[in-house]
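**Q** The following file, final-v7.cif, comprises mmCIF, C-alpha atoms and all ligand atoms:
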```
data_entry
#
loop_
_atom_site.label_atom_id
_atom_site.label_comp_id
_atom_site.auth_asym_id
_atom_site.auth_seq_id
_atom_site.Cartn_x
_atom_site.Cartn_y
_atom_site.Cartn_z
CA MET A 1424 0.00 0.00 0.00
CA ALA A 1425 1.21 3.45 -0.91
CA GLN A 1426 0.61 4.69 2.63
CA GLU A 1427 3.16 2.19 3.93
CA LEU A 1428 5.96 3.17 1.56
CA ASP A 1429 9.03 4.67 3.16
CA TRP A 1430 9.34 7.53 0.65
CA GLY A 1431 12.74 8.75 1.78
CA SER A 1432 14.48 5.43 1.30
CA LEU A 1433 12.84 4.15 -1.89
CA PRO A 1434 15.43 2.97 -4.42
CA PHE A 1435 15.42 3.88 -8.12
CA GLY A 1436 13.52 0.69 -8.84
CA TYR A 1437 10.18 -0.80 -9.76
CA VAL A 1438 7.31 -0.68 -7.26
CA LYS A 1439 3.99 -2.01 -8.49
CA THR A 1440 1.39 0.74 -8.79
CA ASP A 1441 -2.33 0.48 -9.54
CA TYR A 1442 -2.51 1.07 -13.30
CA ASN A 1443 -0.61 1.55 -16.54
CA VAL A 1444 -1.95 2.95 -19.81
CA ARG A 1445 -1.54 1.46 -23.28
CA CYS A 1446 -2.20 2.44 -26.86
CA TYR A 1447 -1.84 0.16 -29.90
CA TYR A 1448 -0.99 1.13 -33.46
CA ARG A 1449 -2.80 -1.28 -35.79
CA ASP A 1450 -4.19 -1.06 -39.32
CA GLY A 1451 -2.42 2.24 -39.88
CA LYS A 1452 -3.81 4.12 -36.86
CA TRP A 1453 -3.48 4.62 -33.11
CA GLY A 1454 -6.36 3.14 -31.13
CA PRO A 1455 -7.95 4.37 -27.87
CA ILE A 1456 -5.97 4.74 -24.63
CA GLU A 1457 -6.54 1.58 -22.59
CA VAL A 1458 -6.13 1.30 -18.84
CA SER A 1459 -4.60 -1.90 -17.43
CA ASP A 1460 -3.95 -3.16 -13.92
CA SER A 1461 -1.64 -5.91 -15.11
CA ASP A 1462 2.10 -5.42 -15.05
CA THR A 1463 2.77 -7.94 -17.80
CA ILE A 1464 2.34 -7.78 -21.56
CA ASN A 1465 1.68 -10.61 -23.98
CA ILE A 1466 3.56 -10.28 -27.25
CA HIS A 1467 4.49 -12.48 -30.21
CA MET A 1468 7.77 -14.35 -29.73
CA ALA A 1469 9.00 -13.08 -33.10
CA ALA A 1470 8.16 -9.41 -32.37
CA THR A 1471 10.66 -6.94 -33.85
CA ALA A 1472 11.23 -5.49 -30.35
CA LEU A 1473 12.72 -8.80 -29.24
CA HIS A 1474 14.80 -9.63 -32.31
CA TYR A 1475 15.78 -6.38 -33.95
CA GLY A 1476 15.69 -3.95 -31.05
CA GLN A 1477 12.67 -1.87 -32.10
CA GLU A 1478 12.29 -0.51 -28.58
CA ILE A 1479 12.42 3.09 -27.40
CA PHE A 1480 11.61 4.69 -24.08
CA GLU A 1481 11.59 7.90 -22.09
CA GLY A 1482 11.93 8.96 -18.45
CA LEU A 1483 10.25 11.93 -16.77
CA LYS A 1484 9.03 12.79 -13.32
CA ALA A 1485 5.97 14.07 -11.48
CA PHE A 1486 6.38 15.90 -8.18
CA ARG A 1487 4.05 16.83 -5.33
CA GLY A 1488 4.55 20.54 -4.83
CA VAL A 1489 4.58 22.75 -1.77
CA ASP A 1490 0.94 23.63 -2.57
CA GLY A 1491 -0.08 19.94 -2.77
CA LYS A 1492 -0.47 20.09 -6.59
CA ILE A 1493 1.17 17.50 -8.85
CA ARG A 1494 3.55 18.86 -11.50
CA ILE A 1495 5.04 16.96 -14.42
CA PHE A 1496 8.36 18.43 -15.58
CA ARG A 1497 8.77 19.28 -19.30
CA LEU A 1498 6.51 16.57 -20.70
CA GLU A 1499 6.34 18.23 -24.13
CA GLU A 1500 10.10 17.86 -24.53
CA ASN A 1501 9.95 14.17 -23.65
CA ALA A 1502 7.13 13.72 -26.17
CA LYS A 1503 9.24 15.40 -28.87
CA ARG A 1504 12.33 13.37 -28.06
CA MET A 1505 10.31 10.16 -28.15
CA ARG A 1506 9.02 11.12 -31.59
CA SER A 1507 12.60 11.66 -32.75
CA SER A 1508 13.64 8.26 -31.31
CA ALA A 1509 10.70 6.59 -33.12
CA GLU A 1510 11.73 8.20 -36.41
CA GLY A 1511 15.34 7.14 -35.83
CA LEU A 1512 14.38 3.48 -35.44
CA LEU A 1513 11.73 3.51 -38.18
CA MET A 1514 8.95 3.05 -35.62
CA GLN A 1515 5.52 4.68 -35.64
CA PRO A 1516 5.74 8.04 -33.80
CA LEU A 1517 3.01 8.68 -31.23
CA PRO A 1518 1.33 12.07 -31.74
CA GLU A 1519 2.37 14.45 -28.98
CA ASP A 1520 -1.20 15.14 -27.84
CA ILE A 1521 -1.75 11.41 -27.16
CA PHE A 1522 1.56 11.32 -25.25
CA ARG A 1523 0.33 14.19 -23.10
CA GLU A 1524 -3.05 12.58 -22.49
CA MET A 1525 -1.46 9.26 -21.52
CA CYS A 1526 0.93 11.01 -19.13
CA LEU A 1527 -1.82 12.95 -17.36
CA LYS A 1528 -4.02 9.87 -17.18
CA VAL A 1529 -1.40 7.49 -15.77
CA VAL A 1530 -0.34 9.99 -13.09
CA LYS A 1531 -3.94 10.76 -12.11
CA LEU A 1532 -4.82 7.06 -11.91
CA ASN A 1533 -1.84 6.45 -9.62
CA GLU A 1534 -2.14 9.65 -7.62
CA ARG A 1535 -1.73 7.86 -4.30
CA PHE A 1536 1.79 6.87 -5.36
CA VAL A 1537 2.98 10.44 -5.90
CA PRO A 1538 5.32 10.94 -2.92
CA PRO A 1539 4.50 13.71 -0.45
CA TYR A 1540 6.23 17.09 -0.68
CA GLY A 1541 9.42 17.28 1.31
CA THR A 1542 10.45 13.64 0.99
CA GLY A 1543 12.76 14.21 -1.99
CA ALA A 1544 10.95 11.35 -3.73
CA SER A 1545 8.96 11.61 -6.98
CA LEU A 1546 6.82 9.57 -9.34
CA TYR A 1547 8.93 8.35 -12.26
CA ILE A 1548 7.02 8.02 -15.54
CA ARG A 1549 8.38 5.52 -18.04
CA PRO A 1550 6.89 5.67 -21.55
CA LEU A 1551 7.85 2.69 -23.72
CA GLU A 1552 7.21 1.79 -27.35
CA ILE A 1553 7.85 -1.61 -28.92
CA GLY A 1554 7.46 -3.14 -32.37
CA LEU A 1555 4.96 -6.00 -32.20
CA SER A 1556 4.84 -7.53 -35.68
CA PRO A 1557 6.43 -10.95 -36.06
CA ARG A 1558 9.44 -10.77 -38.39
CA VAL A 1559 12.21 -13.20 -39.17
CA GLY A 1560 13.92 -11.04 -41.76
CA VAL A 1561 15.27 -7.66 -40.64
CA LYS A 1562 12.39 -5.29 -41.28
CA GLU A 1563 10.42 -2.76 -39.28
CA ALA A 1564 7.09 -3.71 -37.68
CA ASP A 1565 3.75 -2.38 -38.80
CA GLU A 1566 2.09 -2.81 -35.39
CA TYR A 1567 3.26 -1.10 -32.22
CA LEU A 1568 2.44 -0.93 -28.52
CA PHE A 1569 3.00 2.34 -26.66
CA LEU A 1570 2.66 2.08 -22.91
CA MET A 1571 3.33 4.18 -19.86
CA LEU A 1572 4.06 2.82 -16.44
CA VAL A 1573 4.83 4.76 -13.28
CA THR A 1574 6.77 3.92 -10.17
CA PRO A 1575 7.64 6.01 -7.11
CA VAL A 1576 11.37 6.60 -6.75
CA GLY A 1577 13.36 7.87 -3.80
CA PRO A 1578 15.70 10.85 -3.68
CA TYR A 1579 18.83 10.40 -5.80
CA PHE A 1580 21.12 11.80 -3.12
CA LYS A 1581 20.12 9.76 -0.09
CA GLY A 1582 23.03 11.00 1.98
CA GLY A 1583 22.60 14.62 0.81
CA PHE A 1584 23.78 16.43 -2.30
CA GLN A 1585 27.39 15.30 -2.76
CA ASN A 1586 30.27 14.70 -5.16
CA THR A 1587 30.97 11.38 -6.85
CA ASN A 1588 33.93 10.26 -8.98
CA ILE A 1589 33.72 9.04 -12.56
CA CYS A 1590 36.18 7.42 -14.97
CA ILE A 1591 37.26 7.34 -18.61
CA MET A 1592 37.87 3.95 -20.29
CA ARG A 1593 38.80 3.97 -23.97
CA GLY A 1594 38.13 0.24 -24.38
CA TYR A 1595 34.37 0.78 -24.54
CA ASP A 1596 31.88 2.75 -26.65
CA ARG A 1597 28.14 2.86 -26.05
CA VAL A 1598 27.23 4.00 -29.56
CA ALA A 1599 28.74 4.43 -33.05
CA PRO A 1600 29.70 7.89 -34.43
CA LEU A 1601 26.61 8.31 -36.59
CA GLY A 1602 24.64 5.59 -34.81
CA THR A 1603 21.78 5.66 -32.35
CA GLY A 1604 23.27 7.80 -29.56
CA ARG A 1605 20.78 10.61 -30.24
CA PHE A 1606 17.88 8.24 -29.67
CA LYS A 1607 16.69 6.70 -26.43
CA CYS A 1608 16.65 3.04 -27.46
CA GLY A 1609 17.34 0.03 -25.28
CA GLY A 1610 20.29 -1.13 -27.38
CA ASN A 1611 22.40 1.84 -26.31
CA TYR A 1612 21.91 0.87 -22.69
CA ALA A 1613 22.68 -2.80 -23.29
CA ALA A 1614 25.92 -1.63 -24.90
CA SER A 1615 26.81 0.38 -21.79
CA LEU A 1616 26.18 -2.34 -19.19
CA ALA A 1617 29.61 -4.00 -19.22
CA SER A 1618 31.58 -0.75 -18.89
CA GLY A 1619 29.10 0.58 -16.31
CA LYS A 1620 29.53 -2.54 -14.18
CA LYS A 1621 33.30 -2.32 -14.43
CA ALA A 1622 33.22 1.33 -13.36
CA HIS A 1623 30.91 0.55 -10.40
CA ASP A 1624 33.11 -2.38 -9.33
CA LEU A 1625 36.05 0.04 -9.28
CA GLY A 1626 34.08 2.47 -7.09
CA TYR A 1627 33.05 5.03 -9.75
CA SER A 1628 29.49 6.27 -10.15
CA ALA A 1629 29.65 6.35 -13.98
CA VAL A 1630 31.76 6.15 -17.13
CA LEU A 1631 32.51 9.36 -18.98
CA PHE A 1632 32.36 8.18 -22.60
CA LEU A 1633 34.54 9.82 -25.23
CA ASP A 1634 33.41 10.54 -28.77
CA PRO A 1635 33.43 7.15 -30.52
CA LYS A 1636 35.12 8.43 -33.68
CA GLU A 1637 38.32 10.03 -32.45
CA LYS A 1638 38.30 9.27 -28.70
CA LYS A 1639 39.45 12.84 -28.28
CA TYR A 1640 36.40 14.72 -26.99
CA LEU A 1641 34.11 14.23 -24.02
CA ASP A 1642 30.70 12.81 -24.92
CA GLU A 1643 28.42 11.93 -22.01
CA CYS A 1644 28.24 10.16 -18.67
CA GLY A 1645 26.42 6.84 -18.88
CA PRO A 1646 22.76 7.87 -18.46
CA ALA A 1647 23.39 11.62 -18.15
CA ASN A 1648 24.91 14.53 -20.09
CA PHE A 1649 28.12 16.22 -18.98
CA TYR A 1650 28.87 19.88 -18.32
CA ALA A 1651 31.66 21.81 -16.73
CA ILE A 1652 32.26 25.36 -15.57
CA LYS A 1653 35.38 26.92 -17.07
CA ASP A 1654 36.40 30.56 -16.66
CA GLY A 1655 32.88 31.34 -15.49
CA LYS A 1656 31.30 29.76 -18.60
CA TYR A 1657 29.04 26.72 -18.87
CA ILE A 1658 30.59 24.29 -21.34
CA THR A 1659 28.86 21.14 -22.58
CA PRO A 1660 29.73 18.77 -25.44
CA ALA A 1661 28.32 19.30 -28.92
CA SER A 1662 28.08 15.77 -30.29
CA ASP A 1663 25.95 13.66 -32.63
CA SER A 1664 26.40 10.61 -30.45
CA ILE A 1665 24.81 11.82 -27.20
CA LEU A 1666 21.20 12.00 -26.07
CA PRO A 1667 19.93 15.61 -26.10
CA SER A 1668 19.25 15.87 -22.36
CA ILE A 1669 16.22 17.88 -21.31
CA THR A 1670 17.90 18.66 -18.00
CA ASN A 1671 20.94 20.01 -19.85
CA MET A 1672 18.65 22.12 -22.05
CA SER A 1673 16.96 23.47 -18.90
CA LEU A 1674 20.30 24.28 -17.25
CA MET A 1675 21.30 26.26 -20.34
CA ASP A 1676 18.11 28.31 -19.92
CA LEU A 1677 18.95 28.81 -16.24
CA CYS A 1678 22.40 30.02 -17.33
CA ALA A 1679 20.67 32.77 -19.33
CA ASP A 1680 18.71 33.73 -16.18
CA MET A 1681 21.89 33.71 -14.11
CA GLY A 1682 24.03 35.61 -16.63
CA ILE A 1683 26.35 32.65 -17.29
CA PRO A 1684 27.62 32.36 -20.90
CA VAL A 1685 27.05 28.96 -22.55
CA GLU A 1686 29.35 27.17 -24.99
CA ARG A 1687 28.21 23.99 -26.72
CA ARG A 1688 31.33 22.68 -28.36
CA HIS A 1689 33.91 19.92 -28.47
CA ILE A 1690 35.68 19.57 -25.11
CA THR A 1691 39.01 17.72 -25.09
CA VAL A 1692 40.02 15.43 -22.23
CA ASP A 1693 42.97 17.77 -21.48
CA GLU A 1694 40.59 20.63 -20.82
CA LEU A 1695 39.51 18.87 -17.63
CA GLU A 1696 42.73 20.32 -16.15
CA SER A 1697 41.24 23.77 -16.18
CA VAL A 1698 37.59 23.41 -15.15
CA SER A 1699 36.36 24.62 -11.78
CA GLU A 1700 33.23 22.41 -11.65
CA ALA A 1701 31.92 19.39 -13.53
CA ALA A 1702 28.67 17.46 -13.24
CA ALA A 1703 26.46 14.81 -14.79
CA CYS A 1704 22.94 16.07 -15.52
CA GLY A 1705 19.74 14.16 -16.15
CA THR A 1706 16.24 13.43 -14.90
CA ALA A 1707 17.45 11.01 -12.23
CA ALA A 1708 20.21 13.11 -10.67
CA VAL A 1709 19.21 16.66 -11.69
CA CYS A 1710 22.88 17.65 -11.60
CA SER A 1711 25.29 15.36 -9.88
CA PRO A 1712 28.56 17.10 -9.01
CA ILE A 1713 31.79 15.33 -9.95
CA GLY A 1714 34.71 15.36 -7.51
CA GLU A 1715 37.35 13.65 -9.63
CA ILE A 1716 37.66 12.16 -13.12
CA ASP A 1717 40.17 9.34 -13.48
CA ASP A 1718 41.49 8.42 -16.90
CA LEU A 1719 42.08 4.70 -16.44
CA ASP A 1720 44.08 4.40 -19.68
CA THR A 1721 46.63 7.14 -19.07
CA GLY A 1722 46.53 7.00 -15.26
CA ARG A 1723 45.83 10.77 -15.08
CA LYS A 1724 43.55 11.96 -12.31
CA TYR A 1725 41.68 15.22 -12.82
CA VAL A 1726 40.75 16.57 -9.40
CA ILE A 1727 37.83 18.91 -10.10
CA SER A 1728 36.69 19.71 -6.59
CA LYS A 1729 39.54 20.94 -4.43
CA ASP A 1730 37.54 21.06 -1.19
CA GLY A 1731 35.44 17.93 -1.70
CA LYS A 1732 32.20 19.93 -1.83
CA PRO A 1733 29.78 20.55 -4.74
CA GLY A 1734 30.66 23.80 -6.54
CA PRO A 1735 28.55 26.97 -6.24
CA VAL A 1736 27.08 26.94 -9.77
CA THR A 1737 26.01 23.29 -9.60
CA THR A 1738 24.52 23.86 -6.14
CA GLU A 1739 22.57 26.85 -7.47
CA PHE A 1740 21.32 24.82 -10.47
CA TYR A 1741 20.21 22.04 -8.17
CA ASN A 1742 18.34 24.39 -5.87
CA ARG A 1743 16.72 26.36 -8.70
CA LEU A 1744 15.54 23.29 -10.62
CA ASN A 1745 14.14 21.68 -7.50
CA ALA A 1746 12.34 24.88 -6.52
CA ILE A 1747 10.68 25.06 -9.97
CA ARG A 1748 9.67 21.39 -9.98
CA LEU A 1749 8.20 21.66 -6.47
CA GLY A 1750 6.30 24.86 -7.14
CA GLU A 1751 8.38 26.78 -4.59
CA CYS A 1752 9.09 29.57 -7.06
CA GLU A 1753 7.46 30.94 -10.16
CA ASP A 1754 7.72 28.68 -13.22
CA THR A 1755 8.88 31.51 -15.48
CA HIS A 1756 9.84 29.17 -18.36
CA GLY A 1757 6.51 27.29 -18.33
CA TRP A 1758 8.18 23.93 -17.69
CA ASN A 1759 5.54 22.34 -15.46
CA THR A 1760 2.26 20.72 -16.43
CA ILE A 1761 -0.13 20.68 -13.48
CA VAL A 1762 -2.18 17.50 -13.14
CA GLU A 1763 -5.72 18.61 -12.37
C1 LIG B 1801 22.16 8.46 -22.33
C2 LIG B 1801 21.49 9.54 -21.57
N1 LIG B 1801 21.99 10.78 -21.65
C3 LIG B 1801 21.43 11.81 -21.00
C4 LIG B 1801 20.30 11.64 -20.22
C5 LIG B 1801 19.68 12.80 -19.52
O1 LIG B 1801 18.55 13.22 -20.21
P1 LIG B 1801 17.35 13.96 -19.45
O2 LIG B 1801 17.93 15.19 -18.84
O3 LIG B 1801 16.39 14.28 -20.53
O4 LIG B 1801 16.85 13.00 -18.44
C6 LIG B 1801 19.73 10.36 -20.11
C7 LIG B 1801 18.52 10.14 -19.31
O5 LIG B 1801 17.44 10.28 -19.81
C8 LIG B 1801 20.34 9.29 -20.80
O6 LIG B 1801 19.83 8.06 -20.70
#
```
What is this structure when it is put down as structure tokens?
Ligand SMILES: Cc1ncc(COP(=O)(O)O)c(C=O)c1O
**A**
Amino acid sequence: MAQELDWGSLPFGYVKTDYNVRCYYRDGKWGPIEVSDSDTINIHMAATALHYGQEIFEGLKAFRGVDGKIRIFRLEENAKRMRSSAEGLLMQPLPEDIFREMCLKVVKLNERFVPPYGTGASLYIRPLEIGLSPRVGVKEADEYLFLMLVTPVGPYFKGGFQNTNICIMRGYDRVAPLGTGRFKCGGNYAASLASGKKAHDLGYSAVLFLDPKEKKYLDECGPANFYAIKDGKYITPASDSILPSITNMSLMDLCADMGIPVERRHITVDELESVSEAAACGTAAVCSPIGEIDDLDTGRKYVISKDGKPGPVTTEFYNRLNAIRLGECEDTHGWNTIVE
């Protein structure tokens, strides 16, 4: 029962909720939104999702605000990115108005699982689309299932907002130079599991991937984008092989509010010598400050945080984004959708 959940110590994991919502694409059109209380799906064993990786997903969050209202953060951007992922994998894109309706419906139906204000926890929304048609030859499906499930997740920083260390390993890539890095498809994550496990076993929170073509520039951090503060500027990689992070996009807008210049450009590994802050940013962590980056191939250690504490810009980003998502300050950018 939702009432018995210990909101503050929930992991980032699956907790069964009451309902999920589903929509099927058949005979050339999307059908009605269906509500299900089952957490399983029944699909053909030769479905393209299983054999040829026609699977895309998203991740966004709903928060209980200071005023008791539920806010979903930047759902339009997630809808757009999911459309782009669908196009990238030759899947049927879900119209953005249906995405919105499904999101509002699944949150409303599971309202009792939206964690209370002040717990640091939130309701994670996971949209998923899979190709259903049975295929033995490599070909796209003509039938699709789009579903949304929700699960309450605990605060990312259980011990408080703090630095973690990450590493560079040139022996692994998660995507190809002009491959699927821009899309949120399961295959990219399967390709990052082995290096992610190795990094965790060595005590790092993530791998900082380099560009897969030249291994010269910084790309992104496992399931998050990367940014650094250098000479008072916000710098973040421009790359075709990273996921365009909605959190990163939001931080760049906050930079404009805060008078911080932004540079989206190639960042070499050597430049890590001269940055004053670095962080991984994404829906899960908001912005997760990085203490040290260890290059496991060259043995070089880039100590970013000299005093072991999160830097002032990252701390300000973290506080501002949280305040907007929790309705503690005015949503001047119009990022929240209130669930009525
Ligand atoms: C590979 C990857 N990069 C970056 C991000 C951060 O994106 P967002 O800020 O939209 O959550 C994510 C998480 O969604 C991710 O999986």
**Q** Which residue is closest to Arg1497 (chain A)? Choose from A:Leu1616, A:Ile1665, A:Ile1464, A:Ile1747 and count only C-alpha atoms.
**A** A:Ile1747
**Q** Taking all atoms listed in the file into account, report as a PyMOL selection string which residues have an atom no farther than 8 Å from an atom of ligand LIG 1801 (chain B).
**A** chain A and resi 1481-1483+1501+1604+1607+1611-1612+1643-1648+1665-1672+1704-1707+1709
**Q** Can you work out which one of A:Asp1717, A:Asp1642, A:Glu1478, A:Glu1524 has the shortest atom-to-atom distance to Asn1588 (chain A), counting only C-alpha atoms?
**A**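 Among the listed residues, A:Asp1717 lies closest to Asn1588 (chain A).
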**Q** Identify which of the residues A:Arg1597, A:Arg1445, A:Lys1528, A:Lys1724 lies closest to Leu1570 (chain A), counting only C-alpha atoms when measuring atom-to-atom distances.
**A** A:Arg1445
**Q** Provide the CA of Phe1606 (chain A) to CA of Ile1493 (chain A) distance in Å, to one decimal place.
**A** 28.3 Å
**Q** Using only C-alpha atoms, which residue out of A:His1756, A:Lys1620, A:Lys1636, A:Arg1723 lies closest to Val1692 (chain A)?
**A**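 Ranking A:His1756, A:Lys1620, A:Lys1636, A:Arg1723 by distance to Val1692 (chain A), first place goes to A:Arg1723.
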**Q** In Å, how far is it from CA of Thr1737 (chain A) to CA of Glu1700 (chain A)?
**A**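 Taking CA of Thr1737 (chain A) as the start and CA of Glu1700 (chain A) as the end point, the length is 7.6 Å.
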**Q** Measuring atom to atom with all atoms listed in the file, identify which of A:Glu1686, A:Glu1739, A:Asp1676, A:Glu1694 is nearest to Phe1584 (chain A).
**A** A:Glu1739
**Q** Could you work out how far CA of Cys1446 (chain A) lies from CA of Phe1480 (chain A), giving the answer in Å with one decimal?
**A**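 Separation of CA of Phe1480 (chain A) and CA of Cys1446 (chain A): 14.3 Å.
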**Q** Here is a test: counting only C-alpha atoms, which residue of A:Ser1662, A:Ser1459, A:Asn1465, A:Thr1542 is nearest to Ser1432 (chain A)?
**A**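 Counting only C-alpha atoms, the residue closest to Ser1432 (chain A) is A:Thr1542.
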**Q** Residues within 9 Å of Asn1586 (chain A), please, as a count of residues only. Count all atoms listed in the file; anything in the same chain fewer than 6 positions from it doesn't count.
**A** 10
**Q** List as a list in words: which residues have an atom within 9 Å of (36.9, 6.5, -15.7), counting all atoms listed in the file?
**A** Asn1588, Ile1589, Cys1590, Ile1591, Met1592, Arg1593, Ala1622, Tyr1627, Ala1629, Val1630, Leu1631, Phe1632, Ile1716, Asp1717, Asp1718, Leu1719 and Asp1720 of chain A
**Q** Taking the partial coordinates given, rebuild region 1497-1512 of chain A to contain N, CA and C atoms; return it as a short mmCIF file (atom, residue, chain, number, x, y, z; two decimals), in the coordinates of the input.
**A**
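Result went into selection_1.cif, see below:
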```
data_model
loop_
_atom_site.label_atom_id
_atom_site.label_comp_id
_atom_site.auth_asym_id
_atom_site.auth_seq_id
_atom_site.Cartn_x
_atom_site.Cartn_y
_atom_site.Cartn_z
N ARG A 1497 8.41 19.21 -17.88
CA ARG A 1497 8.77 19.28 -19.30
C ARG A 1497 8.27 18.10 -20.14
N LEU A 1498 7.02 17.75 -19.96
CA LEU A 1498 6.51 16.57 -20.70
C LEU A 1498 6.51 16.77 -22.20
N GLU A 1499 6.34 18.00 -22.67
CA GLU A 1499 6.34 18.23 -24.13
C GLU A 1499 7.70 17.86 -24.74
N GLU A 1500 8.76 18.17 -24.00
CA GLU A 1500 10.10 17.86 -24.53
C GLU A 1500 10.33 16.36 -24.60
N ASN A 1501 9.82 15.64 -23.60
CA ASN A 1501 9.95 14.17 -23.65
C ASN A 1501 9.14 13.60 -24.81
N ALA A 1502 7.96 14.19 -25.06
CA ALA A 1502 7.13 13.72 -26.17
C ALA A 1502 7.86 13.93 -27.49
N LYS A 1503 8.52 15.09 -27.62
CA LYS A 1503 9.24 15.40 -28.87
C LYS A 1503 10.43 14.46 -29.05
N ARG A 1504 11.14 14.23 -27.95
CA ARG A 1504 12.33 13.37 -28.06
C ARG A 1504 11.92 11.95 -28.40
N MET A 1505 10.77 11.51 -27.86
CA MET A 1505 10.31 10.16 -28.15
C MET A 1505 9.92 10.04 -29.63
N ARG A 1506 9.36 11.11 -30.15
CA ARG A 1506 9.02 11.12 -31.59
C ARG A 1506 10.31 10.97 -32.42
N SER A 1507 11.33 11.72 -32.01
CA SER A 1507 12.60 11.66 -32.75
C SER A 1507 13.21 10.26 -32.64
N SER A 1508 13.11 9.63 -31.46
CA SER A 1508 13.64 8.26 -31.31
C SER A 1508 12.87 7.30 -32.22
N ALA A 1509 11.53 7.47 -32.28
CA ALA A 1509 10.70 6.59 -33.12
C ALA A 1509 11.14 6.74 -34.58
N GLU A 1510 11.33 7.99 -35.02
CA GLU A 1510 11.73 8.20 -36.41
C GLU A 1510 13.10 7.58 -36.67
N GLY A 1511 13.99 7.68 -35.67
CA GLY A 1511 15.34 7.14 -35.83
C GLY A 1511 15.37 5.63 -35.98
N LEU A 1512 14.40 4.94 -35.38
CA LEU A 1512 14.38 3.48 -35.44
C LEU A 1512 13.26 2.97 -36.35
#
```
